[in-house]
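S.K.: The file below is final.tsv, TSV, C-alpha atoms:
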chain	number	residue	atom	x	y	z
N	48	ILE	CA	29.24	90.75	-92.91
N	49	ASN	CA	32.00	89.81	-90.46
N	50	LYS	CA	30.07	91.47	-87.63
N	51	THR	CA	26.96	89.53	-88.59
N	52	LYS	CA	28.93	86.29	-88.58
N	53	GLN	CA	30.36	87.09	-85.16
N	54	ASN	CA	26.91	87.86	-83.77
N	55	TYR	CA	25.57	84.63	-85.29
N	56	ARG	CA	28.40	82.57	-83.75
N	57	SER	CA	27.88	84.33	-80.44
N	58	SER	CA	24.14	83.58	-80.47
N	59	GLN	CA	24.93	79.97	-81.40
N	60	SER	CA	27.29	79.69	-78.43
N	61	ILE	CA	24.65	81.13	-76.09
N	62	ASP	CA	22.01	78.74	-77.45
N	63	THR	CA	24.41	75.80	-77.06
N	64	MET	CA	25.19	76.81	-73.48
N	65	LYS	CA	21.48	77.24	-72.69
N	66	ALA	CA	20.76	73.79	-74.13
N	67	PHE	CA	23.59	72.30	-72.08
N	68	LEU	CA	22.43	73.95	-68.85
N	69	SER	CA	18.80	72.97	-69.48
N	70	LYS	CA	19.84	69.32	-69.18
N	71	PHE	CA	20.68	69.99	-65.55
N	72	ASP	CA	17.72	72.27	-64.80
N	73	PHE	CA	15.74	69.43	-63.27
N	74	SER	CA	13.05	71.72	-61.89
N	75	SER	CA	11.92	72.37	-65.48
N	76	LYS	CA	11.37	68.66	-66.19
N	77	GLU	CA	7.71	67.75	-66.61
N	78	ASP	CA	7.74	64.95	-64.02
N	79	VAL	CA	9.40	67.21	-61.45
N	80	LYS	CA	7.02	70.11	-62.10
N	81	LYS	CA	4.05	67.81	-61.49
N	82	ALA	CA	5.55	66.69	-58.16
N	83	MET	CA	6.28	70.24	-56.94
N	84	ASP	CA	3.78	72.50	-55.19
N	85	PRO	CA	2.92	75.82	-56.90
N	86	ASP	CA	4.77	77.80	-54.20
N	87	GLU	CA	7.79	75.47	-54.08
N	88	GLU	CA	11.18	77.13	-54.68
N	89	THR	CA	14.33	75.37	-55.91
N	90	LYS	CA	17.41	75.93	-53.74
N	91	VAL	CA	19.89	73.37	-55.11
N	92	ASN	CA	19.80	71.76	-58.53
N	93	CYS	CA	22.72	69.41	-59.34
N	94	MET	CA	24.07	65.97	-60.14
N	95	ILE	CA	25.02	63.85	-57.14
N	96	PHE	CA	26.17	60.34	-56.29
N	97	LYS	CA	23.66	58.21	-54.40
N	98	PHE	CA	24.20	54.71	-53.06
N	99	ASN	CA	21.65	51.98	-53.71
N	100	LYS	CA	20.81	49.00	-51.46
N	101	LYS	CA	23.74	47.04	-52.95
N	102	ASN	CA	26.13	49.86	-51.98
N	103	LYS	CA	26.60	50.70	-55.65
N	104	ARG	CA	27.30	54.35	-56.40
N	105	GLN	CA	25.03	55.93	-59.04
N	106	GLU	CA	25.11	59.45	-60.48
N	107	ARG	CA	21.65	60.99	-60.44
N	108	GLY	CA	19.83	64.31	-60.65
N	109	PHE	CA	19.10	65.93	-57.28
N	110	LEU	CA	16.95	68.82	-56.11
N	111	VAL	CA	16.46	70.60	-52.81
N	112	THR	CA	13.51	72.97	-52.46
N	113	ASN	CA	12.01	74.87	-49.55
N	114	LYS	CA	9.81	71.82	-48.88
N	115	ASN	CA	11.31	68.64	-50.32
N	116	VAL	CA	14.36	66.73	-51.47
N	117	PHE	CA	13.94	65.07	-54.87
N	118	ASN	CA	15.94	62.05	-55.98
N	119	LEU	CA	15.68	61.54	-59.73
N	120	GLY	CA	16.03	58.45	-61.90
N	121	LYS	CA	18.09	57.85	-65.04
N	122	SER	CA	15.52	59.60	-67.24
N	123	ASN	CA	15.17	62.46	-64.70
N	124	ASN	CA	11.84	61.15	-63.43
N	125	VAL	CA	11.06	61.53	-59.73
N	126	LYS	CA	12.15	58.34	-57.95
N	127	ARG	CA	11.72	59.66	-54.45
N	128	LYS	CA	10.28	62.80	-52.89
N	129	ILE	CA	11.42	63.32	-49.31
N	130	ALA	CA	9.58	65.94	-47.27
N	131	ILE	CA	12.18	67.99	-45.38
N	132	SER	CA	9.78	68.01	-42.42
N	133	ARG	CA	10.38	64.23	-42.16
N	134	VAL	CA	14.18	64.52	-42.02
N	135	VAL	CA	15.03	64.12	-38.32
N	136	ALA	CA	18.83	64.09	-38.60
N	137	ILE	CA	21.80	64.13	-40.98
N	138	THR	CA	25.00	62.14	-40.57
N	139	VAL	CA	28.06	63.76	-42.15
N	140	SER	CA	31.45	62.19	-42.82
N	141	LYS	CA	34.46	64.23	-41.72
N	142	MET	CA	36.71	62.06	-43.89
N	143	SER	CA	34.83	62.04	-47.21
N	144	ALA	CA	32.04	63.78	-49.13
N	145	GLU	CA	29.32	61.40	-47.91
N	146	PHE	CA	26.20	62.30	-45.93
N	147	VAL	CA	23.05	60.46	-44.89
N	148	LEU	CA	19.51	61.85	-44.61
N	149	HIS	CA	17.72	60.04	-41.77
N	150	VAL	CA	14.00	59.63	-42.43
N	151	PRO	CA	12.61	57.21	-39.77
N	152	GLU	CA	9.07	57.34	-41.19
N	153	GLU	CA	10.45	55.88	-44.42
N	154	TYR	CA	14.14	54.89	-44.75
N	155	ASP	CA	17.48	56.66	-45.16
N	156	TYR	CA	19.28	57.89	-48.24
N	157	ARG	CA	23.08	58.03	-48.54
N	158	TYR	CA	24.74	60.50	-50.91
N	159	SER	CA	28.17	61.82	-51.85
N	160	SER	CA	29.12	65.13	-53.43
N	161	ALA	CA	32.61	66.61	-53.22
N	162	ASP	CA	31.64	70.02	-54.60
N	163	LYS	CA	28.00	70.44	-53.58
N	164	ARG	CA	27.65	68.80	-50.16
N	165	ASP	CA	28.00	71.97	-48.07
N	166	GLU	CA	25.56	73.84	-50.31
N	167	ILE	CA	23.07	70.96	-50.03
N	168	LEU	CA	23.38	70.77	-46.24
N	169	LYS	CA	22.90	74.53	-45.91
N	170	ALA	CA	19.82	74.44	-48.15
N	171	ILE	CA	18.22	71.57	-46.21
N	172	SER	CA	19.06	73.23	-42.88
N	173	GLU	CA	17.60	76.54	-44.06
N	174	SER	CA	14.37	74.94	-45.24
N	175	TRP	CA	14.10	72.83	-42.07
N	176	SER	CA	14.62	75.92	-39.87
N	177	ARG	CA	11.83	77.73	-41.75
N	178	ILE	CA	9.47	74.79	-41.16
N	179	PHE	CA	10.44	74.39	-37.47
N	180	PRO	CA	11.50	77.88	-36.27
N	181	ASP	CA	10.84	77.08	-32.59
N	182	LYS	CA	12.89	73.87	-32.42
N	183	LYS	CA	16.50	73.89	-31.22
N	184	GLY	CA	17.84	72.91	-34.63
N	185	LEU	CA	18.26	70.00	-37.00
N	186	ALA	CA	20.26	67.10	-35.51
N	187	PHE	CA	23.71	66.47	-37.04
N	188	PHE	CA	26.06	63.56	-36.42
N	189	TYR	CA	29.69	64.02	-37.52
N	190	LYS	CA	31.63	60.81	-38.09
N	191	ASP	CA	35.31	60.02	-38.72
N	192	ASP	CA	34.26	57.19	-41.05
N	193	VAL	CA	34.92	57.52	-44.79
N	194	ASN	CA	32.00	55.20	-45.60
N	195	LEU	CA	28.65	55.84	-43.87
N	196	ILE	CA	26.91	52.60	-44.80
N	197	ASN	CA	26.88	51.48	-41.15
N	198	TYR	CA	24.71	54.51	-40.30
N	199	THR	CA	22.24	54.09	-43.16
N	200	THR	CA	18.88	52.42	-42.54
N	201	LEU	CA	17.93	50.73	-45.81
N	202	LYS	CA	14.43	49.71	-46.88
N	203	THR	CA	15.25	46.09	-45.98
N	204	ASP	CA	16.45	47.21	-42.52
N	205	LYS	CA	13.23	49.13	-42.00
N	206	LYS	CA	11.17	45.99	-42.70
N	207	LYS	CA	13.18	44.13	-40.07
N	208	GLY	CA	12.76	46.92	-37.51
N	209	ILE	CA	16.46	47.87	-37.65
N	210	ASN	CA	17.44	51.52	-37.17
N	211	LYS	CA	21.07	52.39	-37.94
N	212	MET	CA	20.93	56.09	-37.09
N	213	PRO	CA	23.71	56.99	-34.61
N	214	THR	CA	22.62	56.77	-30.99
N	215	GLU	CA	24.94	59.34	-29.38
N	216	GLU	CA	23.81	62.88	-28.58
N	217	PRO	CA	23.72	64.88	-31.85
N	218	ILE	CA	24.76	68.46	-32.45
N	219	TYR	CA	21.66	70.61	-33.03
N	220	LEU	CA	22.26	73.25	-35.69
N	221	HIS	CA	20.09	75.95	-37.15
N	222	GLU	CA	20.88	77.48	-40.51
N	223	LYS	CA	23.27	80.16	-39.11
N	224	ASP	CA	25.07	77.66	-36.87
N	225	LEU	CA	25.69	75.29	-39.78
N	226	LYS	CA	26.96	78.11	-42.02
N	227	GLN	CA	29.39	79.15	-39.27
N	228	ARG	CA	30.60	75.58	-38.85
N	229	ILE	CA	31.14	75.16	-42.60
N	230	SER	CA	32.93	78.52	-42.79
N	231	GLU	CA	35.30	77.48	-39.98
N	232	LYS	CA	35.95	74.16	-41.74
N	233	GLU	CA	36.80	75.97	-44.99
N	234	GLU	CA	39.21	78.30	-43.17
N	235	LEU	CA	40.93	75.33	-41.54
N	236	ALA	CA	41.14	73.51	-44.88
N	237	GLU	CA	42.75	76.59	-46.44
N	238	LYS	CA	45.37	76.68	-43.70
N	239	GLU	CA	46.03	72.96	-44.03
N	240	LYS	CA	46.34	73.31	-47.80
N	241	GLY	CA	49.49	75.35	-47.36
N	242	ARG	CA	51.03	72.57	-45.29
N	243	THR	CA	50.33	69.71	-47.72
N	244	SER	CA	53.03	68.41	-50.03
N	245	THR	CA	52.76	68.00	-53.78
N	246	VAL	CA	52.02	64.39	-54.73
N	247	PHE	CA	51.94	64.96	-58.50
N	248	SER	CA	52.93	67.75	-60.87
N	249	ARG	CA	51.20	68.23	-64.21
N	250	SER	CA	53.96	70.43	-65.56
N	251	GLN	CA	57.61	71.22	-64.98
N	252	LYS	CA	57.18	74.83	-66.05
N	253	LYS	CA	57.72	77.79	-63.77
N	254	ASP	CA	53.97	78.49	-63.50
N	255	GLN	CA	53.11	74.81	-63.00
N	256	VAL	CA	49.82	73.74	-61.44
N	257	THR	CA	50.33	71.34	-58.55
N	258	VAL	CA	48.06	68.63	-57.25
N	259	THR	CA	47.88	68.10	-53.49
N	260	VAL	CA	45.99	65.80	-51.14
N	261	ASN	CA	43.12	68.32	-51.11
N	262	ASP	CA	42.37	67.50	-54.76
N	263	PHE	CA	41.30	63.92	-53.94
N	264	THR	CA	38.07	62.49	-52.53
N	265	PRO	CA	38.68	59.73	-49.93
N	266	LEU	CA	36.78	56.50	-50.60
N	267	LYS	CA	37.86	54.25	-47.72
N	268	VAL	CA	40.61	53.61	-45.17
N	269	LEU	CA	42.87	50.77	-46.29
N	270	GLY	CA	45.03	50.69	-43.17
N	271	ARG	CA	46.23	52.58	-40.11
N	272	GLY	CA	49.72	52.97	-38.70
N	273	ALA	CA	51.59	54.84	-35.99
N	274	PHE	CA	52.15	57.83	-38.28
N	275	GLY	CA	48.85	58.02	-40.15
N	276	LYS	CA	46.36	56.32	-42.45
N	277	VAL	CA	46.53	54.75	-45.89
N	278	MET	CA	43.43	55.70	-47.88
N	279	LEU	CA	41.90	54.82	-51.22
N	280	VAL	CA	41.02	58.03	-53.05
N	281	GLU	CA	39.76	59.30	-56.39
Would you write out, as structure tokens, the structure that this file holds?
M.R.:
Amino acid sequence: INKTKQNYRSSQSIDTMKAFLSKFDFSSKEDVKKAMDPDEETKVNCMIFKFNKKNKRQERGFLVTNKNVFNLGKSNNVKRKIAISRVVAITVSKMSAEFVLHVPEEYDYRYSSADKRDEILKAISESWSRIFPDKKGLAFFYKDDVNLINYTTLKTDKKKGINKMPTEEPIYLHEKDLKQRISEKEELAEKEKGRTSTVFSRSQKKDQVTVTVNDFTPLKVLGRGAFGKVMLVE
């Protein structure tokens, strides 16, 4: 009887976990399935922060496939389907988790994801490289700005003929080049992590877990001085 109870509880836990994960399996949503091609493959499936025209941050469902980027609405309906073939460049913040997809034929989209950005960029780069194997790579702009609003062409800008995409020479990266760049960045971050000081301690115990500057996402620069910057973080 006890074994039966254990198996029942175990199956309940599995069912609960499956139900929880299904909420974030956006590719299985009816509206998304209708918008996808039969041979379309999902590469990234996650929640992400997007910024609307009023610069308000909104958490939404997000999908990257081998053909498109899907931005979902509150009820997980498809709000925008961006063909990866139309993405001409990506601007990436070196100071925060923000990035901008530049789509001159339409308008840009600005996102932020502290834990998924690199995975998203690699997926888009991989899909783009498969679509354009003979081109020198997808254009990337790397900026020291925390906030990328000044490099985002909104729908209202598009109507006025304004293009805010950076004008300097970009770095052209194929899938392998981007992966190498991200790998080098992660190695550098790991080295820097050892040199950061503890700003808060959750516990005074011997095996305490410490919180360092690497555990925060920068939001904007509040001020600059001779010895560094003062930043608003979360």
S.K.: Which is closer to N:Lys232 than all the others in N:Asp262, N:Asp204, N:Asp165, N:Glu173, using all atoms listed in the file?
M.R.: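 Closest to N:Lys232 of all the choices is N:Asp165.
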S.K.: Please identify every residue of stretch 107-161 of chain N that has at least one atom no farther than 12 Å from an atom of stretch 183-191 of chain N, counting all atoms listed in the file, and for each give the shortest atom pair and the distance in Å to one decimal, arranged by chain then increasing number, as a tab-separated table.
M.R.:
residue	atom	partner	partner_atom	distance
N:Ile131	CA	N:Leu185	CA	10.5
N:Ser132	CA	N:Leu185	CA	10.3
N:Arg133	CA	N:Leu185	CA	11.0
N:Val134	CA	N:Leu185	CA	8.5
N:Val135	CA	N:Ala186	CA	6.6
N:Ala136	CA	N:Ala186	CA	4.5
N:Ile137	CA	N:Phe187	CA	5.0
N:Thr138	CA	N:Phe188	CA	4.5
N:Val139	CA	N:Tyr189	CA	4.9
N:Ser140	CA	N:Lys190	CA	4.9
N:Lys141	CA	N:Asp191	CA	5.2
N:Met142	CA	N:Asp191	CA	5.7
N:Ser143	CA	N:Asp191	CA	8.7
N:Ala144	CA	N:Lys190	CA	11.4
N:Glu145	CA	N:Lys190	CA	10.1
N:Phe146	CA	N:Tyr189	CA	9.3
N:Val147	CA	N:Phe188	CA	9.5
N:Leu148	CA	N:Phe187	CA	9.8
N:His149	CA	N:Ala186	CA	9.8
N:Val150	CA	N:Ala186	CA	12.0
S.K.: Using Å and a single decimal, report how far atom CA of N:Asp192 sits from atom CA of N:Ala170.
M.R.: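 Interatomic distance here is 23.6 Å.
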S.K.: Could you tell me how far atom CA of N:Asn123 sits from atom CA of N:Asp78, in Å to one decimal place?
M.R.: 7.9 Å
S.K.: One decimal, Å: what's the distance from atom CA of N:Leu235 over to atom CA of N:Leu110, could you say?
M.R.: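 Computing the Euclidean distance for atom CA of N:Leu235 and atom CA of N:Leu110 yields 28.8 Å.
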S.K.: Could you check which of N:Lys128, N:Lys223, N:Arg107, N:Lys121 is closest to N:Leu168, using only C-alpha atoms?
M.R.: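 Using only C-alpha atoms, the shortest distance to N:Leu168 belongs to N:Lys223.
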S.K.: Near N:Asp86, counting all atoms listed in the file, which residues have an atom at most 12 Å away, once you skip same-chain residues fewer than 4 positions from it, shown as a compact mmCIF listing (two decimals) with C-alpha atoms, in the coordinates of the input?
M.R.:
# COMPACT_ATOMS: atom_id res chain seq x y z
CA LYS N 80 7.02 70.11 -62.10
CA ALA N 82 5.55 66.69 -58.16
CA THR N 112 13.51 72.97 -52.46
CA ASN N 113 12.01 74.87 -49.55
CA LYS N 114 9.81 71.82 -48.88
CA ASN N 115 11.31 68.64 -50.32
S.K.: Measuring between all atoms listed in the file, which one of N:Lys205, N:Lys97, N:Arg177, N:Arg271 shows the shortest distance to N:Ser160?
M.R.: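 Of N:Lys205, N:Lys97, N:Arg177, N:Arg271, the one nearest N:Ser160 is N:Lys97, counting all atoms listed in the file.
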S.K.: Compile the contact shell of N:Asn118 as JSON, numbers by chain: residues with an atom at most 6 Å away, counting all atoms listed in the file, same-chain residues fewer than 3 positions apart removed.
M.R.: {"N": [109, 126, 127]}
S.K.: From the set N:Ser174, N:Gly120, N:Glu222, N:Pro151, which residue has the shortest atom-to-atom contact distance to N:Leu201, counting only C-alpha atoms?
M.R.: N:Pro151
S.K.: Tell me which of N:Val193, N:Asn92, N:Lys202, N:Asp224 sits closest to N:Val268, counting only C-alpha atoms.
M.R.: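 The shortest atom-to-atom distance to N:Val268 comes from N:Val193.
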S.K.: List the spatial neighbours of N:Ile95 as JSON, numbers by chain - criterion: any atom at most 9 Å away, only C-alpha atoms, same-chain residues fewer than 6 positions off excluded.
M.R.: {"N": [105, 106, 107, 108, 109, 158, 159, 160, 161, 163, 164]}
S.K.: Calculated over only C-alpha atoms, which of the candidates N:Lys81, N:Lys169, N:Lys100, N:Arg157 has the smallest distance to N:Gln227?
M.R.: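 Selected residue with least distance to N:Gln227: N:Lys169.
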